[in-house]
>>> print(open('upload32.cif').read())   # mmCIF, C-alpha atoms
data_model
loop_
_atom_site.label_atom_id
_atom_site.label_comp_id
_atom_site.auth_asym_id
_atom_site.auth_seq_id
_atom_site.Cartn_x
_atom_site.Cartn_y
_atom_site.Cartn_z
CA MET S 1 77.88 -214.18 88.60
CA TRP S 2 81.59 -214.52 87.99
CA ASP S 3 83.24 -217.50 89.69
CA TRP S 4 86.99 -217.01 89.97
CA ASN S 5 87.68 -220.58 91.05
CA TYR S 6 85.83 -221.95 88.05
CA ALA S 7 87.49 -219.41 85.73
CA LEU S 8 90.95 -220.35 86.94
CA SER S 9 90.19 -224.06 86.66
CA ILE S 10 89.39 -223.81 82.94
CA VAL S 11 92.34 -221.61 82.00
CA PRO S 12 94.71 -224.56 81.36
CA ASP S 13 92.19 -226.18 79.00
CA LEU S 14 91.79 -222.95 77.04
CA LEU S 15 95.53 -222.32 76.91
CA SER S 16 96.11 -225.80 75.55
CA ALA S 17 93.90 -224.85 72.58
CA VAL S 18 95.87 -221.67 71.92
CA GLY S 19 98.60 -223.73 70.26
CA LEU S 20 96.22 -225.13 67.68
CA THR S 21 94.79 -221.68 66.98
CA ILE S 22 98.24 -220.21 66.44
CA ALA S 23 99.32 -223.19 64.32
CA ALA S 24 96.26 -222.74 62.09
CA THR S 25 97.04 -219.03 61.78
CA ILE S 26 100.69 -219.57 60.84
CA VAL S 27 100.12 -222.36 58.34
CA GLY S 28 97.17 -220.48 56.83
CA PHE S 29 99.26 -217.34 56.63
CA PHE S 30 102.12 -219.03 54.76
CA LEU S 31 99.63 -220.53 52.36
CA ALA S 32 98.07 -217.10 51.88
CA VAL S 33 101.43 -215.45 51.19
CA ILE S 34 102.45 -218.06 48.62
CA LEU S 35 99.05 -218.20 46.93
CA GLY S 36 98.86 -214.41 47.09
CA LEU S 37 102.16 -214.04 45.26
CA VAL S 38 101.04 -216.59 42.67
CA PHE S 39 97.79 -214.68 42.14
CA THR S 40 99.69 -211.40 41.81
CA LEU S 41 101.95 -212.82 39.13
CA LEU S 42 99.06 -214.51 37.31
CA VAL S 43 97.08 -211.27 37.24
CA ARG S 44 100.10 -209.53 35.72
CA SER S 45 100.49 -212.23 33.08
CA ASP S 46 100.57 -211.09 29.45
CA ASN S 47 98.19 -213.89 28.60
CA LYS S 48 94.69 -212.35 28.73
CA VAL S 49 93.02 -215.68 29.53
CA VAL S 50 95.34 -216.39 32.48
CA SER S 51 94.98 -212.92 33.98
CA GLY S 52 91.23 -212.99 33.37
CA ILE S 53 90.79 -216.30 35.19
CA ALA S 54 93.02 -215.19 38.09
CA ASN S 55 91.03 -211.96 38.39
CA GLY S 56 87.77 -213.89 38.32
CA ILE S 57 88.87 -216.24 41.09
CA ILE S 58 90.03 -213.32 43.24
CA LYS S 59 86.74 -211.50 42.75
CA PHE S 60 84.68 -214.57 43.57
CA VAL S 61 86.64 -215.47 46.69
CA ARG S 62 86.58 -211.88 47.96
CA ASN S 63 82.86 -211.53 47.47
CA THR S 64 81.77 -214.67 49.31
CA PRO S 65 81.94 -215.33 53.07
CA LEU S 66 84.86 -217.27 54.52
CA LEU S 67 82.45 -219.36 56.59
CA VAL S 68 80.66 -220.61 53.47
CA GLN S 69 83.98 -221.33 51.77
CA LEU S 70 84.97 -223.40 54.78
CA TYR S 71 81.71 -225.36 54.59
CA PHE S 72 82.33 -225.88 50.89
CA ILE S 73 85.85 -227.21 51.40
CA PHE S 74 84.91 -229.34 54.37
CA TYR S 75 81.58 -230.78 53.16
CA VAL S 76 81.72 -230.67 49.36
CA PHE S 77 85.28 -231.81 48.66
CA PRO S 78 84.60 -235.26 50.25
CA GLN S 79 81.78 -235.74 47.70
CA PHE S 80 84.55 -235.81 45.09
CA GLY S 81 86.68 -238.20 47.11
CA LEU S 82 88.84 -235.60 48.83
CA THR S 83 88.23 -235.90 52.56
CA LEU S 84 90.16 -233.36 54.60
CA SER S 85 90.68 -233.13 58.33
CA PRO S 86 89.12 -230.03 59.97
CA PHE S 87 92.59 -228.55 60.40
CA VAL S 88 93.62 -229.00 56.77
CA ALA S 89 90.26 -227.78 55.48
CA GLY S 90 90.37 -224.79 57.81
CA VAL S 91 93.89 -223.83 56.89
CA LEU S 92 93.09 -224.21 53.19
CA GLY S 93 90.03 -222.00 53.52
CA LEU S 94 91.83 -219.33 55.55
CA GLY S 95 94.83 -219.40 53.20
CA LEU S 96 92.77 -219.17 50.04
CA HIS S 97 90.50 -216.43 51.39
CA TYR S 98 93.30 -214.18 52.58
CA SER S 99 95.56 -214.89 49.60
CA THR S 100 93.15 -212.77 47.55
CA TYR S 101 93.59 -209.90 49.99
CA LEU S 102 97.36 -210.31 50.12
CA SER S 103 97.60 -210.39 46.33
CA GLU S 104 96.05 -206.89 46.32
CA VAL S 105 98.67 -205.80 48.85
CA PHE S 106 101.52 -207.26 46.78
CA ARG S 107 100.09 -205.62 43.67
CA SER S 108 100.11 -202.21 45.31
CA GLY S 109 103.68 -202.83 46.48
CA ILE S 110 104.84 -203.77 43.00
CA ASP S 111 103.00 -200.85 41.43
CA SER S 112 104.83 -198.46 43.75
CA VAL S 113 108.24 -199.48 42.37
CA PRO S 114 109.20 -196.69 39.96
CA GLN S 115 109.05 -197.50 36.24
CA GLY S 116 112.74 -196.59 35.95
CA GLN S 117 113.70 -199.67 37.95
CA TRP S 118 112.18 -201.91 35.29
CA GLU S 119 113.93 -200.00 32.57
CA VAL S 120 117.29 -200.18 34.34
CA ALA S 121 116.87 -203.94 34.78
CA THR S 122 116.26 -204.27 31.05
CA ALA S 123 119.17 -201.97 30.22
CA LEU S 124 121.49 -204.02 32.42
CA ASN S 125 120.33 -207.16 30.65
CA PHE S 126 118.85 -208.80 33.75
CA THR S 127 116.84 -211.93 33.06
CA LYS S 128 113.14 -211.81 33.89
CA ARG S 129 113.75 -213.99 36.95
CA LYS S 130 116.58 -211.81 38.22
CA THR S 131 114.59 -208.64 37.61
CA TRP S 132 111.91 -209.98 39.96
CA THR S 133 114.09 -211.53 42.64
CA ARG S 134 116.85 -208.91 42.74
CA ILE S 135 115.16 -205.64 41.84
CA ILE S 136 111.39 -205.58 42.03
CA LEU S 137 110.44 -207.81 44.97
CA PRO S 138 113.15 -206.50 47.37
CA GLN S 139 111.76 -203.01 46.82
CA SER S 140 108.06 -203.80 46.78
CA ILE S 141 107.70 -206.10 49.81
CA PRO S 142 109.26 -204.09 52.72
CA PRO S 143 106.97 -201.05 52.34
CA VAL S 144 103.87 -203.25 52.52
CA LEU S 145 105.11 -205.41 55.42
CA PRO S 146 102.93 -203.62 58.04
CA VAL S 147 99.82 -204.25 55.95
CA ILE S 148 100.80 -207.88 55.65
CA GLY S 149 101.33 -207.97 59.43
CA ASN S 150 97.84 -206.60 59.95
CA TYR S 151 96.42 -209.38 57.79
CA PHE S 152 98.26 -211.90 59.93
CA ILE S 153 96.44 -210.50 62.98
CA THR S 154 93.15 -210.46 61.09
CA MET S 155 93.62 -214.13 60.17
CA PHE S 156 94.34 -214.95 63.79
CA LYS S 157 91.05 -213.36 64.77
CA GLU S 158 89.19 -215.30 62.07
CA THR S 159 90.30 -218.70 63.38
CA PRO S 160 87.21 -219.08 65.64
CA LEU S 161 85.32 -219.68 62.39
CA LEU S 162 87.12 -223.00 62.16
CA SER S 163 85.01 -224.16 65.10
CA ALA S 164 82.12 -224.30 62.61
CA ILE S 165 83.89 -227.16 60.83
CA THR S 166 84.47 -228.96 64.15
CA LEU S 167 88.08 -227.93 64.78
CA THR S 168 88.56 -227.71 68.55
CA GLU S 169 90.37 -224.39 68.66
CA ILE S 170 89.87 -221.90 71.52
CA LEU S 171 86.21 -221.05 70.92
CA GLN S 172 85.17 -224.68 70.38
CA THR S 173 87.05 -225.65 73.56
CA ALA S 174 85.16 -222.94 75.46
CA LYS S 175 81.89 -224.22 74.02
CA ASN S 176 82.71 -227.77 75.06
CA ILE S 177 83.60 -226.63 78.58
CA GLY S 178 80.35 -224.66 78.75
CA ALA S 179 78.34 -227.63 77.51
CA GLY S 180 79.79 -229.79 80.27
CA THR S 181 79.21 -227.36 83.14
CA PHE S 182 76.31 -225.21 81.89
CA ARG S 183 78.37 -222.12 82.67
CA TYR S 184 79.20 -220.04 79.62
CA VAL S 185 80.06 -216.74 81.28
CA GLU S 186 83.64 -217.59 82.22
CA PRO S 187 84.69 -219.65 79.15
CA PHE S 188 83.44 -217.15 76.56
CA THR S 189 84.72 -214.14 78.48
CA LEU S 190 88.15 -215.73 78.87
CA VAL S 191 88.26 -216.49 75.14
CA GLY S 192 87.65 -212.82 74.43
CA VAL S 193 90.33 -211.79 76.93
CA LEU S 194 92.79 -214.29 75.42
CA PHE S 195 92.26 -212.93 71.93
CA LEU S 196 92.68 -209.38 73.16
CA LEU S 197 95.85 -210.29 75.09
CA LEU S 198 97.39 -211.83 72.00
CA SER S 199 96.21 -209.52 69.23
CA TYR S 200 96.52 -206.12 70.90
CA PRO S 201 100.29 -206.33 71.61
CA ALA S 202 100.74 -207.77 68.12
CA SER S 203 98.93 -204.78 66.63
CA LEU S 204 101.18 -202.43 68.62
CA LEU S 205 104.24 -204.20 67.20
CA VAL S 206 102.89 -203.77 63.69
CA LYS S 207 102.25 -200.09 64.35
CA GLN S 208 105.83 -199.65 65.52
CA ALA S 209 107.19 -201.45 62.46
CA GLU S 210 104.99 -199.22 60.31
CA LYS S 211 106.60 -196.12 61.79
CA ARG S 212 110.12 -197.44 61.31
CA ILE S 213 109.47 -198.50 57.74
CA ALA S 214 107.80 -195.18 56.94
CA GLU S 215 110.96 -193.39 58.11
CA LYS S 216 113.20 -195.68 56.09
CA TYR S 217 111.25 -195.49 52.87
CA SER S 218 110.06 -191.91 52.91
CA VAL S 219 111.59 -190.08 49.98
CA MET R 1 65.77 -231.26 44.34
CA ASN R 2 67.54 -229.82 41.34
CA PHE R 3 69.94 -226.91 41.47
CA TRP R 4 67.38 -224.21 40.69
CA GLU R 5 64.90 -225.46 43.24
CA ILE R 6 67.67 -225.21 45.82
CA VAL R 7 68.53 -221.67 44.75
CA VAL R 8 64.88 -220.64 44.89
CA PHE R 9 64.41 -222.25 48.29
CA LEU R 10 67.48 -220.56 49.79
CA VAL R 11 66.59 -217.17 48.35
CA ARG R 12 62.99 -217.40 49.53
CA GLU R 13 63.82 -218.57 53.04
CA GLY R 14 67.08 -216.81 53.81
CA VAL R 15 67.75 -213.73 51.75
CA GLY R 16 65.34 -211.50 53.68
CA VAL R 17 67.10 -212.05 57.00
CA THR R 18 70.56 -211.63 55.45
CA ILE R 19 69.65 -208.33 53.78
CA ALA R 20 67.72 -206.95 56.75
CA LEU R 21 70.62 -207.82 59.01
CA THR R 22 73.11 -206.19 56.64
CA ILE R 23 71.13 -202.95 56.48
CA LEU R 24 70.40 -202.71 60.21
CA SER R 25 73.91 -203.51 61.36
CA ALA R 26 75.41 -201.22 58.72
CA ILE R 27 73.35 -198.35 60.14
CA VAL R 28 74.45 -199.17 63.70
CA ALA R 29 78.09 -199.46 62.56
CA LEU R 30 77.97 -196.18 60.68
CA VAL R 31 76.46 -194.26 63.60
CA LEU R 32 78.83 -195.82 66.14
CA GLY R 33 81.79 -195.41 63.79
CA PHE R 34 81.17 -191.71 63.29
CA ALA R 35 80.55 -191.18 67.00
CA ALA R 36 83.74 -193.03 68.00
CA GLY R 37 85.77 -191.48 65.18
CA LEU R 38 84.79 -187.97 66.29
CA ALA R 39 85.22 -188.88 69.96
CA LYS R 40 88.82 -189.84 69.23
CA ARG R 41 89.47 -186.21 68.35
CA SER R 42 87.68 -184.87 71.40
CA PRO R 43 89.53 -182.36 73.61
CA TYR R 44 88.49 -184.38 76.67
CA ALA R 45 90.87 -187.19 77.60
CA VAL R 46 88.01 -189.22 79.13
CA VAL R 47 86.01 -189.21 75.90
CA ARG R 48 89.11 -190.11 73.88
CA GLY R 49 89.92 -192.88 76.36
CA ILE R 50 86.46 -194.44 76.14
CA ALA R 51 86.52 -194.35 72.35
CA HIS R 52 89.99 -195.86 72.35
CA ILE R 53 89.01 -198.73 74.66
CA TYR R 54 85.86 -199.44 72.65
CA VAL R 55 87.78 -199.59 69.38
CA GLU R 56 90.65 -201.72 70.66
CA VAL R 57 88.40 -204.21 72.44
CA PHE R 58 86.15 -204.77 69.45
CA ARG R 59 88.98 -204.86 66.93
CA GLY R 60 91.13 -207.02 69.18
CA THR R 61 88.68 -209.89 69.66
CA SER R 62 86.94 -211.73 66.91
CA LEU R 63 83.41 -211.10 65.74
CA LEU R 64 82.31 -214.67 66.35
CA VAL R 65 83.49 -214.49 69.97
CA GLN R 66 81.63 -211.18 70.41
CA LEU R 67 78.52 -212.69 68.86
CA PHE R 68 78.63 -215.67 71.22
CA TRP R 69 79.31 -213.43 74.18
CA ILE R 70 76.38 -211.14 73.47
CA TYR R 71 74.01 -214.00 72.69
CA PHE R 72 75.04 -216.58 75.30
CA VAL R 73 76.68 -214.62 78.14
CA LEU R 74 74.59 -211.45 78.44
CA PRO R 75 71.45 -213.44 79.40
CA MET R 76 73.38 -214.65 82.46
CA PHE R 77 73.54 -210.99 83.51
CA GLY R 78 69.81 -210.65 82.96
CA LEU R 79 69.93 -209.16 79.48
CA THR R 80 68.33 -211.59 77.04
CA LEU R 81 68.38 -210.51 73.42
CA SER R 82 66.68 -212.17 70.48
CA ALA R 83 69.06 -213.71 67.94
CA MET R 84 68.34 -210.87 65.50
CA THR R 85 68.98 -208.13 68.08
CA ALA R 86 72.13 -209.84 69.33
CA ALA R 87 73.39 -210.14 65.75
CA VAL R 88 72.70 -206.49 64.91
CA VAL R 89 74.34 -205.35 68.14
CA ALA R 90 77.42 -207.56 67.71
CA ILE R 91 78.02 -206.82 64.03
CA GLY R 92 77.23 -203.14 64.54
CA LEU R 93 79.64 -202.82 67.47
CA ASN R 94 82.37 -204.76 65.69
CA PHE R 95 82.22 -202.87 62.43
CA GLY R 96 81.63 -199.59 64.23
CA ALA R 97 85.15 -199.98 65.63
CA TYR R 98 86.58 -200.44 62.14
CA VAL R 99 84.51 -197.60 60.70
CA SER R 100 85.75 -195.26 63.43
CA GLU R 101 89.30 -195.74 62.13
CA VAL R 102 88.11 -194.95 58.61
CA VAL R 103 86.36 -191.83 59.91
CA ARG R 104 89.39 -190.69 61.89
CA SER R 105 91.84 -191.12 59.02
CA GLY R 106 89.35 -189.49 56.63
CA ILE R 107 89.09 -186.40 58.82
CA GLU R 108 92.86 -186.28 59.23
CA SER R 109 93.43 -186.33 55.49
CA VAL R 110 91.45 -183.15 54.89
CA PRO R 111 94.15 -180.56 54.20
CA GLU R 112 95.09 -178.39 57.18
CA GLY R 113 94.47 -175.21 55.13
CA GLN R 114 90.75 -175.98 54.99
CA LEU R 115 90.52 -175.86 58.76
CA GLU R 116 92.64 -172.69 58.92
CA ALA R 117 90.50 -171.03 56.28
CA SER R 118 87.32 -171.82 58.17
CA VAL R 119 88.84 -170.45 61.37
CA ALA R 120 89.82 -167.31 59.45
CA LEU R 121 86.24 -167.01 58.18
CA ASN R 122 85.06 -167.13 61.77
CA LEU R 123 83.01 -170.30 61.42
CA SER R 124 81.99 -171.85 64.71
CA LYS R 125 83.50 -175.19 65.67
CA ARG R 126 80.29 -176.93 64.74
CA GLN R 127 80.08 -175.22 61.37
CA ARG R 128 83.71 -176.04 60.61
CA MET R 129 83.05 -179.74 61.12
CA ARG R 130 79.65 -179.84 59.45
CA ARG R 131 80.21 -177.52 56.52
CA VAL R 132 83.88 -177.80 55.70
CA VAL R 133 85.65 -180.85 57.10
CA LEU R 134 83.06 -183.64 57.07
CA PRO R 135 81.78 -183.17 53.50
CA GLN R 136 85.34 -183.42 52.19
CA ALA R 137 86.34 -186.20 54.58
CA PHE R 138 83.27 -188.23 53.66
CA ILE R 139 84.34 -188.46 50.04
CA LEU R 140 87.81 -189.57 51.11
CA MET R 141 86.20 -192.21 53.34
CA LEU R 142 83.89 -193.66 50.70
CA PRO R 143 86.17 -196.32 49.19
CA ASN R 144 87.04 -197.64 52.65
CA LEU R 145 83.45 -197.48 53.83
CA GLY R 146 82.50 -199.47 50.74
CA ASN R 147 85.04 -202.15 51.59
CA GLN R 148 83.73 -202.30 55.15
CA LEU R 149 80.19 -202.73 53.85
CA ILE R 150 81.23 -205.76 51.77
CA GLU R 151 83.07 -207.23 54.76
CA LEU R 152 80.01 -206.61 56.93
CA PHE R 153 77.74 -208.28 54.40
CA LYS R 154 79.97 -211.33 54.27
CA SER R 155 80.23 -211.53 58.04
CA THR R 156 76.45 -211.81 58.40
CA SER R 157 76.92 -215.50 57.55
CA LEU R 158 78.28 -215.96 61.09
CA VAL R 159 74.85 -215.38 62.60
CA SER R 160 73.82 -218.83 61.42
CA LEU R 161 75.92 -220.07 64.34
CA ILE R 162 73.61 -218.34 66.84
CA THR R 163 70.56 -219.90 65.16
CA LEU R 164 69.43 -216.87 63.21
CA THR R 165 67.73 -218.12 60.04
CA ASP R 166 69.83 -216.39 57.38
CA LEU R 167 71.03 -217.84 54.06
CA THR R 168 73.80 -219.94 55.58
CA TYR R 169 71.50 -221.31 58.29
CA GLN R 170 68.90 -222.36 55.72
CA ALA R 171 71.60 -224.02 53.64
CA ASN R 172 72.83 -226.02 56.62
CA LEU R 173 69.26 -226.99 57.45
CA LEU R 174 68.56 -228.08 53.89
CA ASN R 175 71.83 -229.98 53.81
CA GLY R 176 70.76 -231.89 56.91
CA SER R 177 67.47 -232.98 55.38
CA THR R 178 68.40 -233.60 51.72
CA LEU R 179 72.14 -234.31 51.73
CA GLU R 180 72.47 -232.55 48.36
CA THR R 181 75.70 -231.10 49.75
CA THR R 182 77.45 -230.14 46.52
CA LYS R 183 74.46 -228.38 44.98
CA ILE R 184 73.49 -226.60 48.18
CA TYR R 185 76.87 -225.08 49.02
CA THR R 186 77.58 -224.20 45.39
CA ALA R 187 74.21 -222.42 45.26
CA LEU R 188 74.98 -220.69 48.55
CA LEU R 189 78.34 -219.37 47.30
CA LEU R 190 76.73 -218.15 44.09
CA ILE R 191 73.90 -216.37 45.93
CA TYR R 192 76.36 -214.54 48.19
CA PHE R 193 78.45 -213.57 45.19
CA VAL R 194 75.46 -212.30 43.22
CA LEU R 195 74.42 -210.18 46.21
CA ALA R 196 77.92 -208.85 47.01
CA TRP R 197 78.97 -208.08 43.45
CA PRO R 198 76.39 -205.32 42.78
CA LEU R 199 77.23 -203.91 46.21
CA THR R 200 80.90 -203.59 45.19
CA LYS R 201 79.96 -202.10 41.83
CA GLY R 202 77.37 -199.80 43.40
CA MET R 203 79.89 -198.36 45.84
CA GLN R 204 82.33 -197.73 42.99
CA LEU R 205 79.60 -195.98 41.04
CA LEU R 206 78.60 -193.83 44.02
CA GLU R 207 82.22 -192.90 44.53
CA ARG R 208 82.60 -191.84 40.91
CA LYS R 209 79.37 -189.87 41.07
CA LEU R 210 80.40 -187.95 44.19
CA THR R 211 83.95 -187.23 43.09
CA GLU R 212 82.78 -185.95 39.69
CA GLY R 213 84.41 -182.62 38.92
CA ARG R 214 86.62 -182.72 41.99
CA TYR R 215 90.40 -182.64 42.00
#
>>> encode(input="upload32.cif", output="structure tokens")
Amino acid sequence: MWDWNYALSIVPDLLSAVGLTIAATIVGFFLAVILGLVFTLLVRSDNKVVSGIANGIIKFVRNTPLLVQLYFIFYVFPQFGLTLSPFVAGVLGLGLHYSTYLSEVFRSGIDSVPQGQWEVATALNFTKRKTWTRIILPQSIPPVLPVIGNYFITMFKETPLLSAITLTEILQTAKNIGAGTFRYVEPFTLVGVLFLLLSYPASLLVKQAEKRIAEKYSV
Amino acid sequence: MNFWEIVVFLVREGVGVTIALTILSAIVALVLGFAAGLAKRSPYAVVRGIAHIYVEVFRGTSLLVQLFWIYFVLPMFGLTLSAMTAAVVAIGLNFGAYVSEVVRSGIESVPEGQLEASVALNLSKRQRMRRVVLPQAFILMLPNLGNQLIELFKSTSLVSLITLTDLTYQANLLNGSTLETTKIYTALLLIYFVLAWPLTKGMQLLERKLTEGRY
């Protein structure tokens, strides 16, 4: 059933696709962090219309499947003259989808900064910009870092969805190999093993960081 | 085809499969999640080990890979499943792993005193779990279980990739024959949103109802 020679022969092909998968994860993640911060600030805006629209977008994105969003970006945008490569479309979709989750995480981090910190910043005549960059964000981001790390891992595991918009990441590579040889057992199994090998140690790292941060920030 | 005809077509052809799949796999996930969550607290190392391996394997690989594996690889070992069965099994197993973590942390957040009190009252182990710990833990789990249900609902769109005729599959099919791309995918997003939104609201309502008069 399981052919070791065949399995070993396809490992290099699969490994070569790992780079693309990781690249998509990292770029998507940065996009998600930046967009997530923007959403967080927009939701907190004093302008009711701005915060309402930001909230609406977050709700809509969170309540529709990533796969359909990817199809939308990849197939509908070109109808309006914006043709994107599978990689760009995939990264955009991943980034947008997870930015709505990260904005929730940032919000909870900011909410956990005691009210007194805001008052002190006002009392010390800090500008709005300085209040955010020097007082609020440095206190609200570290405690939520493990949660953010977990979302990074989650995004990594969502990258196989990009195969649906023809990006040849790991899963698509496995599919192509299978289509050429009519043997799917080894390629698909190895993809699963690869994901496990990469994401399990990463999740252990996050767990460790969580413990250390909990010790540091426990009051 | 105008926009409404597309919406009607998609709803008529795809919504049944999507909802049936959501309900069936949610049941599987809930049962597996509770079983694995309780197994993680078992006094037997073997039981804990099995639960641990199950959870880490299914949380550590992606759902789409699991779906493909169950649908395309299992037949090679002589176990051929229909697309629907494969989808229910894959989604159920995957979300069961996540639910087990919710269950475990829910049980752990029931105050220690509750367990001590039930020991003092001479309740059997079974009674302690069933009458004291689980009813309180369940309420603590609800918000997280609700989130998992929304995630599960959204992930059913993946089954279109193993040829199960859900909403997304029908949209892709329609797109292939009519090329009304913009209308079709806009309609598809809206249908998913309209289905998921009441689910989110419903879970919030249930949570409020059950926590009424507590704390």
>>> resolve_selection(input="upload32.cif", expression="the PyMOL selection byres ((chain R) within 9 of (chain S))", output="ChimeraX atom specification")
/R:56-66,68-69,72-74,76-77,150-151,153-158,161,168,181-183,185-186,188-197,200
>>> closest_atom_pairs(input="upload32.cif", of="region 54-113 of chain R", to="region 7-23 of chain R", cutoff="12 Å", atoms="all atoms listed in the file", output="Markdown table")
| residue | atom | partner | partner_atom | distance |
| --- | --- | --- | --- | --- |
| R:Ala83 | CA | R:Leu21 | CA | 10.8 |
| R:Met84 | CA | R:Leu21 | CA | 7.5 |
| R:Thr85 | CA | R:Leu21 | CA | 9.2 |
| R:Ala86 | CA | R:Leu21 | CA | 10.6 |
| R:Ala87 | CA | R:Leu21 | CA | 7.6 |
| R:Val88 | CA | R:Leu21 | CA | 6.4 |
| R:Val89 | CA | R:Leu21 | CA | 10.2 |
| R:Ala90 | CA | R:Leu21 | CA | 11.0 |
| R:Ile91 | CA | R:Thr22 | CA | 8.9 |
| R:Gly92 | CA | R:Thr22 | CA | 9.4 |
| R:Phe95 | CA | R:Thr22 | CA | 11.3 |
>>> resolve_selection(input="upload32.cif", expression="the PyMOL selection byres ((chain S and resi 141) around 12)", output="PDB file with C-alpha atoms, in the coordinates of the input")
ATOM      1  CA  VAL S  33     101.430-215.450  51.190  1.00  0.00           C
ATOM      2  CA  LEU S  37     102.160-214.040  45.260  1.00  0.00           C
ATOM      3  CA  LEU S 102      97.360-210.310  50.120  1.00  0.00           C
ATOM      4  CA  SER S 103      97.600-210.390  46.330  1.00  0.00           C
ATOM      5  CA  VAL S 105      98.670-205.800  48.850  1.00  0.00           C
ATOM      6  CA  PHE S 106     101.520-207.260  46.780  1.00  0.00           C
ATOM      7  CA  ARG S 107     100.090-205.620  43.670  1.00  0.00           C
ATOM      8  CA  SER S 108     100.110-202.210  45.310  1.00  0.00           C
ATOM      9  CA  GLY S 109     103.680-202.830  46.480  1.00  0.00           C
ATOM     10  CA  ILE S 110     104.840-203.770  43.000  1.00  0.00           C
ATOM     11  CA  ASP S 111     103.000-200.850  41.430  1.00  0.00           C
ATOM     12  CA  SER S 112     104.830-198.460  43.750  1.00  0.00           C
ATOM     13  CA  VAL S 113     108.240-199.480  42.370  1.00  0.00           C
ATOM     14  CA  TRP S 132     111.910-209.980  39.960  1.00  0.00           C
ATOM     15  CA  THR S 133     114.090-211.530  42.640  1.00  0.00           C
ATOM     16  CA  ARG S 134     116.850-208.910  42.740  1.00  0.00           C
ATOM     17  CA  ILE S 135     115.160-205.640  41.840  1.00  0.00           C
ATOM     18  CA  ILE S 136     111.390-205.580  42.030  1.00  0.00           C
ATOM     19  CA  LEU S 137     110.440-207.810  44.970  1.00  0.00           C
ATOM     20  CA  PRO S 138     113.150-206.500  47.370  1.00  0.00           C
ATOM     21  CA  GLN S 139     111.760-203.010  46.820  1.00  0.00           C
ATOM     22  CA  SER S 140     108.060-203.800  46.780  1.00  0.00           C
ATOM     23  CA  PRO S 142     109.260-204.090  52.720  1.00  0.00           C
ATOM     24  CA  PRO S 143     106.970-201.050  52.340  1.00  0.00           C
ATOM     25  CA  VAL S 144     103.870-203.250  52.520  1.00  0.00           C
ATOM     26  CA  LEU S 145     105.110-205.410  55.420  1.00  0.00           C
ATOM     27  CA  PRO S 146     102.930-203.620  58.040  1.00  0.00           C
ATOM     28  CA  VAL S 147      99.820-204.250  55.950  1.00  0.00           C
ATOM     29  CA  ILE S 148     100.800-207.880  55.650  1.00  0.00           C
ATOM     30  CA  GLY S 149     101.330-207.970  59.430  1.00  0.00           C
ATOM     31  CA  ILE S 213     109.470-198.500  57.740  1.00  0.00           C
ATOM     32  CA  TYR S 217     111.250-195.490  52.870  1.00  0.00           C
TER      33      TYR S 217
END
>>> atom_distance(input="upload32.cif", atom1="CA of Leu30 (chain R)", atom2="CA of Asn94 (chain R)")
10.9 Å
>>> resolve_selection(input="upload32.cif", expression="the PyMOL selection byres ((chain R and resi 143) around 10)", output="PDB file with C-alpha atoms, keeping the file's coordinate frame")
ATOM      1  CA  VAL R 102      88.110-194.950  58.610  1.00  0.00           C
ATOM      2  CA  PHE R 138      83.270-188.230  53.660  1.00  0.00           C
ATOM      3  CA  ILE R 139      84.340-188.460  50.040  1.00  0.00           C
ATOM      4  CA  LEU R 140      87.810-189.570  51.110  1.00  0.00           C
ATOM      5  CA  MET R 141      86.200-192.210  53.340  1.00  0.00           C
ATOM      6  CA  LEU R 142      83.890-193.660  50.700  1.00  0.00           C
ATOM      7  CA  ASN R 144      87.040-197.640  52.650  1.00  0.00           C
ATOM      8  CA  LEU R 145      83.450-197.480  53.830  1.00  0.00           C
ATOM      9  CA  GLY R 146      82.500-199.470  50.740  1.00  0.00           C
ATOM     10  CA  ASN R 147      85.040-202.150  51.590  1.00  0.00           C
ATOM     11  CA  GLN R 148      83.730-202.300  55.150  1.00  0.00           C
ATOM     12  CA  LEU R 149      80.190-202.730  53.850  1.00  0.00           C
ATOM     13  CA  THR R 200      80.900-203.590  45.190  1.00  0.00           C
ATOM     14  CA  MET R 203      79.890-198.360  45.840  1.00  0.00           C
ATOM     15  CA  GLN R 204      82.330-197.730  42.990  1.00  0.00           C
ATOM     16  CA  LEU R 206      78.600-193.830  44.020  1.00  0.00           C
ATOM     17  CA  GLU R 207      82.220-192.900  44.530  1.00  0.00           C
TER      18      GLU R 207
END
>>> atom_distance(input="upload32.cif", atom1="CA of Val88 (chain S)", atom2="CA of Ala17 (chain S)")
16.3 Å
>>> atom_distance(input="upload32.cif", atom1="CA of Gln136 (chain R)", atom2="CA of Arg104 (chain R)")
12.8 Å
>>> residues_around(input="upload32.cif", residues="Val47 (chain R)", least_positions_apart="5", cutoff="12 Å", atoms="all atoms listed in the file", output="MDAnalysis selection string")
chainID R and resid 35:42 52:54
>>> closest_residue(input="upload32.cif", among="S:Ser45, S:Gln117, S:Asn5, S:Ser16", to="Ala174 (chain S)", atoms="all atoms listed in the file")
S:Ser16
